[in-house]
Amino acid sequence: MKRTHIIILIGIAVMIICLLVYSADFSTYDTVSSAQKKPGQFVHLIAKLDKNQPIAYDPINNPNYLSFYVIDSLGGKTKVVYHNSKPGDLEKSERIVLKGRMFKDYFDCKDILLKCPSKYKDDKKVLENSMKEQASSN
Amino acid sequence: MIKFEGEHLLPGQIGHLFVIIALVASLISLISFFYASRSVDLTEKTKWINLGRASFIIHTLSVFVIFSVIFFLCFNHYYEYMYAYKHASKELEYKYLLACIWEGQEGSFLLWAIWHSVLGLFIIFNKNQETKTTWRAPVMTIVSMAQFFLMLMILGVYFFGVRIGNSPFTLTRNEIPAPIFSQPNYLTFIKDGMGLNVLLRNYWMVIHPPILFLGFASTIIPFAFAYAGLQTKKYTEWIKPVLPWALLSACVLGVGIMMGGKWAYESLSFGGYWAWDPVENASLVPWLILIAGIHTMMIFNATGYSLRASYLFVILTFVFVLYSTFLTRTGILGDTSVHAFTEAGKAINVMIGLFVLSFAIPVLSMFFIHFKKIPTIHKEEETRSREFVMFIGSFILFLSALFIIIVTSIPVYSKTPFLKDLIIYIHKGPLAMPEDAEFLYNKIMIMVAVFIGFLTAVAQYLKYKTTPKGYLIKKIKYPLIVSVILCTLIFIFYPFDYKKQGVGFLVAIYIAFFYALYAAIANAMYISLVLKNKFKNAGGSIAHIGFSLMIAGMLISGSNKKVISDSKVNGINVPMGKDPMSKKTEDPTENLTLIRQLPTRMGDYDVTYSKDSSGHEKGRKFYQLNFSKKDKATNKITEQFMLMPDVYMMKDNNMSSNPDTKSYLTKDIFTYISFAINSANNTDTAKFKEYEIGEGEKGYYRNGYFILNKVVKNPKNERYHYTDNDVALMADITFVSKDSMHYNAMPLIQADSMGIQHIDDTVYAQNLYVKFAGVSDGHKIKLGIKESDSLIDFVTVKSYVFPYINLVWLGLIIMAFGILMSMIKRSNLSPLLSSVILTLAAIGLTYMFLFANA
């Protein structure tokens, strides 16, 4: 086998990989309004918890149903339904990346990634708050 | 100026002084070794070497002093220091004192620097004549340069208003703007530090970072030797002395990565040991390239081929270690990774970028400039030669590493100017990972596994240069026969059950598994067939056996992993939880709620949440879950065990869940709490009250009345799915509370081969348990109703069965052992030292991976 043959073979392998990767159907980052323009398509929605709206989770009746509302940086709001248990730090999250599909009146969420300030001590605000707590605990 | 009270400023000043000493010393060392490597005059060279050596020793001592001072600050809870305030706390157990140091960016940079300096000392004091005269100076140039950059990261000095690096010795009052710092006695207000993140309070946090960082740090040695080869123009001689180093690095880095996996498996609620998370990928990529590099170096040693590839792979290994630092520490992975660091400021990000480029650009350019001068054999390899097969294997490993890093770097593209806009133009939006990101990796890597498995099986049976016709077939037919028989048996008696991704992928799993097994058997038989049981030379074969077993274990445990808390598995016991919005039920519903004292079916087990207890750490709560399995025919308990998963409730109500696992030799039952109510006292003392009631009759409870609407035989509804052959009765009851709210309850009684079973219902809003207790005379039934004062005590769990996961860990141990054997064979260690190293490694790894948490 000649070196050129190998190169051709590897070229074919790389092409197959490219095809497979391409077929993976990469998703996009979206806002509520841009996600609403492509209903049923898998998107990444970046938003934060709308604290004025209720979080519904009743694990005794159904541990696999959570619903809440989010609001994005442009003010777009939507209801979110997540078929899983409630992440413990949902209320504390500052930013949520929701992976799923937008439907007519709600966002069907497959996966949630929470950004919680408490996980990140380097955050300036967290440090300031922690210091306020120290002072007020006296 | 306020005179602050109670501060201990001296240790910080000492620490800061030593940071500066360490920085200057590394710079002097860098310059000295650089000149030493370039001077031809022997006396001048010796002078430079002596200066470089002295300053590197001073540097090393300073690094240790810095580390000790940080330890001292954290140990004594000197919260006037930012680092101690941020990472230490009084309630922290002593075993986590070191862990809290490497929790932060600065501490982990320091850990890295410590390993570099220790490795540097080994190079400086190496007695080998060739290392002394040729390699020491250029290799130490690279090591000193890395140290210089690492010290810059923790310098914390302002240049023209820009802070270079973050010092671990800054004062809290200078870092946080808060009113209390206007008071001289502010320290009396600071009661405790923030402590180690509870998510990280695990013994793996003590052991995993040092090992992983030793793995990262050790990749600099092969890189430095490659540079030395180019710099001294001794293009070929560096391979021999560097091979043991590269093997050590591969062993430590491989173990370090899998320790991370074991940690994730044991204590994080990812539900597995590998999630293709960008942080995991970033450390896997250098390892894959290093393994490719080791193989090409072996090819070169035996035949003279593949020298250029060796250069490239060894250089890229370290470049990708630096790149992984860039990915994980600059916050660029922000929206894609669960456990990346956040960014520590723009200046640091720029410095990390410079750190990467300062090594990558000069050495890669040197490689390309000298490319033509690097000796190569122009005659092509024979197809039937070991070097050819090994090279193809290395190249596939390299390509797979490239694939992983290209996909992992997606967040980087979205932050690159022009490229970002191009992507948005083509893709119509910022690029994000596809819905099933894991499958994207898995479908490529399974093909890699197939090829690597095949090549690993065959390569050893080929001879270098060329293999006589018939030799390969003659030798390889035995392992082939054995593996075909074994595989057929496994596939018949223990078929894979992974239908999620379709038949094609399932077939790929079967093929990959066959080749993994074939590779393991072929290498094992190679030791007896060809090496005639000379174990001294069997390091490579043993490493291959381990690697193949690890892959086989991953394939089995990954494809036959079962969710037993799945409501579909549990059938009737759980409300199917139809989505009120979409009315769909095919969603993954992997959580199961266990009400205290109420046995609930989960897979083959009856699980009862019996009690909770608090741990010795504040806010930690253990939940006792009793698992029991009954034999269907005899109704006797055949298996019984207890799991104690726990939940950490933090000050700010954040929850962290740690799983508990029952480990058998062949399977693990892995369970964690996915939801728990955060209430301290939740004891339920109420008792069932019994009612006898007929259809259409009324009864009263404390908060209202209830009506038995009807009794249904073998109900078929959204909750129960009985057929006419079953014996089951369901009571349909409506509760009407004083505020005239209506609630429905459907308790059930069932008779089967297991005896009588009650499926109780709850009216959570009214704190009611409802039990169908039995049937009485005259068309009446017995209902048990319990009214709790408190909330109903329950936990929601997720539970998996991982079969044969121990194969993964066993494979890793064998692989690490084999690589170490291979390293020892190539280094001139004394037999005593060699056996000590091997024994310690074997015992340590076996204990850590198989016994520590079993």
# chains A, B, ... in the order shown; residues from 1 in each chain; ligands from 1
>>> residues_around(residues="Ser27 (chain A)", least_positions_apart="4", cutoff="8 Å", atoms="only C-alpha atoms", output="VMD selection string")
(chain A and resid 42 to 44) or (chain B and resid 431 to 435)
>>> select_by_dssp(residues="region 107-281 of chain B", states="helix (DSSP H, G or I)", output="ChimeraX atom specification")
/B:107-124,129-153,172-175,179-182,186-188,198-200,203-218,220-232,239-267,278-281
>>> closest_residue(among="B:Tyr494, B:Pro645, B:Leu594, B:Leu810", to="Pro63 (chain A)", atoms="only C-alpha atoms")
B:Leu594
>>> residues_around(residues="Gly75 (chain A)", least_positions_apart="6", cutoff="12 Å", atoms="only C-alpha atoms", output="ChimeraX atom specification")
/A:31-33,46-50
>>> atom_distance(atom1="CA of Leu98 (chain A)", atom2="CA of Pro59 (chain A)")
21.0 Å
>>> closest_residue(among="A:Ile7, A:Val21, A:Ala35, A:Ile12", to="chain B", atoms="only C-alpha atoms")
A:Val21
>>> closest_atom_pairs(of="region 5-74 of chain A", to="region 411-423 of chain B", cutoff="12 Å", atoms="only C-alpha atoms", output="CSV")
residue,atom,partner,partner_atom,distance
A:Phe26,CA,B:Ile423,CA,11.4
A:Ser27,CA,B:Ile423,CA,11.8
A:Thr28,CA,B:Ile423,CA,10.3
A:Tyr29,CA,B:Ser414,CA,10.4
>>> select_by_dssp(residues="region 40-112 of chain A", states="strand (DSSP E or B)", output="ChimeraX atom specification")
/A:42-49,56-57,66-71,77-82,95-102,107-112
>>> closest_residue(among="B:Phe491, B:Phe64, B:Phe225, B:Tyr79", to="chain A", atoms="only C-alpha atoms")
B:Tyr79
>>> atom_distance(atom1="CA of Ala841 (chain B)", atom2="CA of Ala816 (chain B)")
8.3 Å
>>> residues_around(residues="Ile551 (chain B)", least_positions_apart="6", cutoff="12 Å", atoms="only C-alpha atoms", output="MDAnalysis selection string")
chainID B and resid 445:446 448:450 452:453 509 512:520 544:545 557:558 804:812 815
>>> residues_around(residues="Lys689 (chain B)", least_positions_apart="4", cutoff="7 Å", atoms="only C-alpha atoms", output="PDB file with C-alpha atoms, in the first residue's frame")
ATOM      1  CA  GLY B 784     -57.580   3.477  56.062  1.00  0.00           C
ATOM      2  CA  ILE B 785     -57.144   7.217  56.215  1.00  0.00           C
ATOM      3  CA  LYS B 786     -54.223   8.905  57.858  1.00  0.00           C
TER       4      LYS B 786
END
>>> closest_residue(among="B:Tyr83, B:Tyr78, B:Phe72, B:Trp287", to="chain A", atoms="only C-alpha atoms")
B:Tyr83
>>> residues_around(residues="Pro87 (chain A)", least_positions_apart="5", cutoff="9 Å", atoms="only C-alpha atoms", output="ChimeraX atom specification")
/A:112,114 /B:655,674-675
>>> residues_around(residues="Lys115 (chain A)", least_positions_apart="5", cutoff="8 Å", atoms="only C-alpha atoms", output="mmCIF file with C-alpha atoms, in the first residue's frame")
data_model
loop_
_atom_site.group_PDB
_atom_site.id
_atom_site.type_symbol
_atom_site.label_atom_id
_atom_site.label_comp_id
_atom_site.auth_asym_id
_atom_site.auth_seq_id
_atom_site.Cartn_x
_atom_site.Cartn_y
_atom_site.Cartn_z
ATOM 1 C CA SER A 93 -30.090 30.827 39.628
ATOM 2 C CA GLU A 94 -29.108 34.022 37.897
ATOM 3 C CA ARG A 95 -29.096 32.675 34.401
ATOM 4 C CA ILE A 96 -30.583 29.582 32.868
#
>>> closest_residue(among="A:Val70, A:Leu9, A:Cys109, A:Met131", to="chain B", atoms="only C-alpha atoms")
A:Met131
>>> closest_residue(among="A:Ser136, A:Ser73, A:Asn62, A:Gln53", to="chain B", atoms="only C-alpha atoms")
A:Asn62
>>> atom_distance(atom1="CA of Tyr701 (chain B)", atom2="CA of Lys611 (chain B)")
27.4 Å
>>> decode(residues="region 40-88 of chain A", atoms="N, CA and C atoms", output="short mmCIF file (atom, residue, chain, number, x, y, z; two decimals), in the first residue's frame")
data_model
loop_
_atom_site.label_atom_id
_atom_site.label_comp_id
_atom_site.auth_asym_id
_atom_site.auth_seq_id
_atom_site.Cartn_x
_atom_site.Cartn_y
_atom_site.Cartn_z
N GLY A 40 -40.94 23.97 17.54
CA GLY A 40 -40.63 22.56 17.33
C GLY A 40 -39.18 22.28 17.00
N GLN A 41 -38.38 23.33 16.87
CA GLN A 41 -36.97 23.10 16.58
C GLN A 41 -36.16 23.12 17.86
N PHE A 42 -35.16 22.26 17.93
CA PHE A 42 -34.36 22.18 19.14
C PHE A 42 -33.45 23.41 19.25
N VAL A 43 -33.62 24.16 20.31
CA VAL A 43 -32.81 25.37 20.49
C VAL A 43 -32.26 25.46 21.91
N HIS A 44 -31.29 26.34 22.08
CA HIS A 44 -30.78 26.68 23.41
C HIS A 44 -31.34 28.06 23.76
N LEU A 45 -32.11 28.13 24.80
CA LEU A 45 -32.73 29.38 25.19
C LEU A 45 -31.98 29.93 26.40
N ILE A 46 -31.52 31.17 26.27
CA ILE A 46 -30.84 31.77 27.42
C ILE A 46 -31.78 32.78 28.06
N ALA A 47 -32.08 32.57 29.33
CA ALA A 47 -33.04 33.43 30.01
C ALA A 47 -32.78 33.39 31.50
N LYS A 48 -33.65 34.05 32.25
CA LYS A 48 -33.56 33.87 33.69
C LYS A 48 -34.94 33.63 34.27
N LEU A 49 -34.98 33.13 35.49
CA LEU A 49 -36.24 32.77 36.13
C LEU A 49 -37.08 34.02 36.35
N ASP A 50 -38.36 33.92 35.98
CA ASP A 50 -39.28 35.01 36.27
C ASP A 50 -39.80 34.79 37.69
N LYS A 51 -39.29 35.60 38.60
CA LYS A 51 -39.59 35.33 40.01
C LYS A 51 -40.99 35.78 40.41
N ASN A 52 -41.67 36.51 39.51
CA ASN A 52 -43.03 36.94 39.84
C ASN A 52 -44.06 35.86 39.54
N GLN A 53 -43.61 34.80 38.88
CA GLN A 53 -44.55 33.75 38.49
C GLN A 53 -44.29 32.50 39.32
N PRO A 54 -45.32 31.68 39.49
CA PRO A 54 -45.15 30.51 40.35
C PRO A 54 -44.30 29.41 39.69
N ILE A 55 -43.63 28.67 40.56
CA ILE A 55 -42.95 27.45 40.13
C ILE A 55 -43.84 26.31 40.56
N ALA A 56 -44.23 25.46 39.64
CA ALA A 56 -45.10 24.36 40.02
C ALA A 56 -44.33 23.05 40.03
N TYR A 57 -44.26 22.43 41.20
CA TYR A 57 -43.63 21.12 41.30
C TYR A 57 -44.26 20.36 42.45
N ASP A 58 -44.93 19.28 42.17
CA ASP A 58 -45.57 18.50 43.20
C ASP A 58 -45.07 17.06 43.09
N PRO A 59 -43.93 16.79 43.74
CA PRO A 59 -43.27 15.49 43.53
C PRO A 59 -44.08 14.30 44.00
N ILE A 60 -45.03 14.52 44.93
CA ILE A 60 -45.80 13.35 45.37
C ILE A 60 -46.72 12.89 44.27
N ASN A 61 -47.32 13.84 43.60
CA ASN A 61 -48.22 13.44 42.51
C ASN A 61 -47.48 13.09 41.25
N ASN A 62 -46.47 13.87 40.92
CA ASN A 62 -45.69 13.57 39.73
C ASN A 62 -44.30 14.16 39.87
N PRO A 63 -43.34 13.30 40.16
CA PRO A 63 -41.98 13.83 40.34
C PRO A 63 -41.33 14.24 39.03
N ASN A 64 -42.01 14.00 37.94
CA ASN A 64 -41.41 14.28 36.63
C ASN A 64 -42.09 15.42 35.89
N TYR A 65 -42.65 16.33 36.67
CA TYR A 65 -43.27 17.48 36.01
C TYR A 65 -42.95 18.74 36.79
N LEU A 66 -42.25 19.62 36.13
CA LEU A 66 -41.91 20.91 36.74
C LEU A 66 -42.30 21.98 35.74
N SER A 67 -42.92 23.03 36.21
CA SER A 67 -43.14 24.15 35.29
C SER A 67 -42.82 25.46 35.97
N PHE A 68 -42.28 26.37 35.20
CA PHE A 68 -41.95 27.70 35.72
C PHE A 68 -41.92 28.67 34.54
N TYR A 69 -41.67 29.92 34.86
CA TYR A 69 -41.64 30.93 33.80
C TYR A 69 -40.26 31.56 33.72
N VAL A 70 -39.86 31.86 32.50
CA VAL A 70 -38.58 32.56 32.36
C VAL A 70 -38.79 33.84 31.57
N ILE A 71 -37.82 34.72 31.73
CA ILE A 71 -37.85 35.98 31.02
C ILE A 71 -36.45 36.20 30.46
N ASP A 72 -36.36 36.61 29.20
CA ASP A 72 -35.02 36.79 28.63
C ASP A 72 -34.61 38.26 28.65
N SER A 73 -33.41 38.51 28.16
CA SER A 73 -32.85 39.85 28.30
C SER A 73 -33.62 40.88 27.48
N LEU A 74 -34.38 40.41 26.48
CA LEU A 74 -35.17 41.35 25.68
C LEU A 74 -36.59 41.50 26.24
N GLY A 75 -36.86 40.82 27.32
CA GLY A 75 -38.17 40.94 27.94
C GLY A 75 -39.16 39.87 27.51
N GLY A 76 -38.75 38.98 26.62
CA GLY A 76 -39.63 37.90 26.17
C GLY A 76 -39.88 36.91 27.30
N LYS A 77 -41.14 36.51 27.44
CA LYS A 77 -41.48 35.59 28.53
C LYS A 77 -42.06 34.30 27.96
N THR A 78 -41.83 33.24 28.67
CA THR A 78 -42.49 31.99 28.29
C THR A 78 -42.61 31.06 29.47
N LYS A 79 -43.59 30.18 29.38
CA LYS A 79 -43.71 29.12 30.38
C LYS A 79 -42.77 27.99 29.96
N VAL A 80 -42.19 27.34 30.95
CA VAL A 80 -41.29 26.23 30.66
C VAL A 80 -41.81 24.97 31.34
N VAL A 81 -41.81 23.87 30.60
CA VAL A 81 -42.20 22.59 31.19
C VAL A 81 -40.99 21.66 31.10
N TYR A 82 -40.65 21.06 32.23
CA TYR A 82 -39.46 20.22 32.30
C TYR A 82 -39.86 18.88 32.91
N HIS A 83 -39.66 17.81 32.18
CA HIS A 83 -40.09 16.50 32.67
C HIS A 83 -38.99 15.82 33.45
N ASN A 84 -38.73 16.39 34.58
CA ASN A 84 -37.66 15.84 35.40
C ASN A 84 -37.85 16.43 36.79
N SER A 85 -36.95 16.07 37.71
CA SER A 85 -37.08 16.62 39.05
C SER A 85 -36.59 18.06 39.07
N LYS A 86 -37.03 18.78 40.07
CA LYS A 86 -36.67 20.20 40.14
C LYS A 86 -35.23 20.36 40.62
N PRO A 87 -34.41 21.06 39.85
CA PRO A 87 -33.05 21.28 40.31
C PRO A 87 -33.09 22.09 41.61
N GLY A 88 -32.28 21.69 42.57
CA GLY A 88 -32.35 22.28 43.90
C GLY A 88 -32.11 23.77 43.93
#
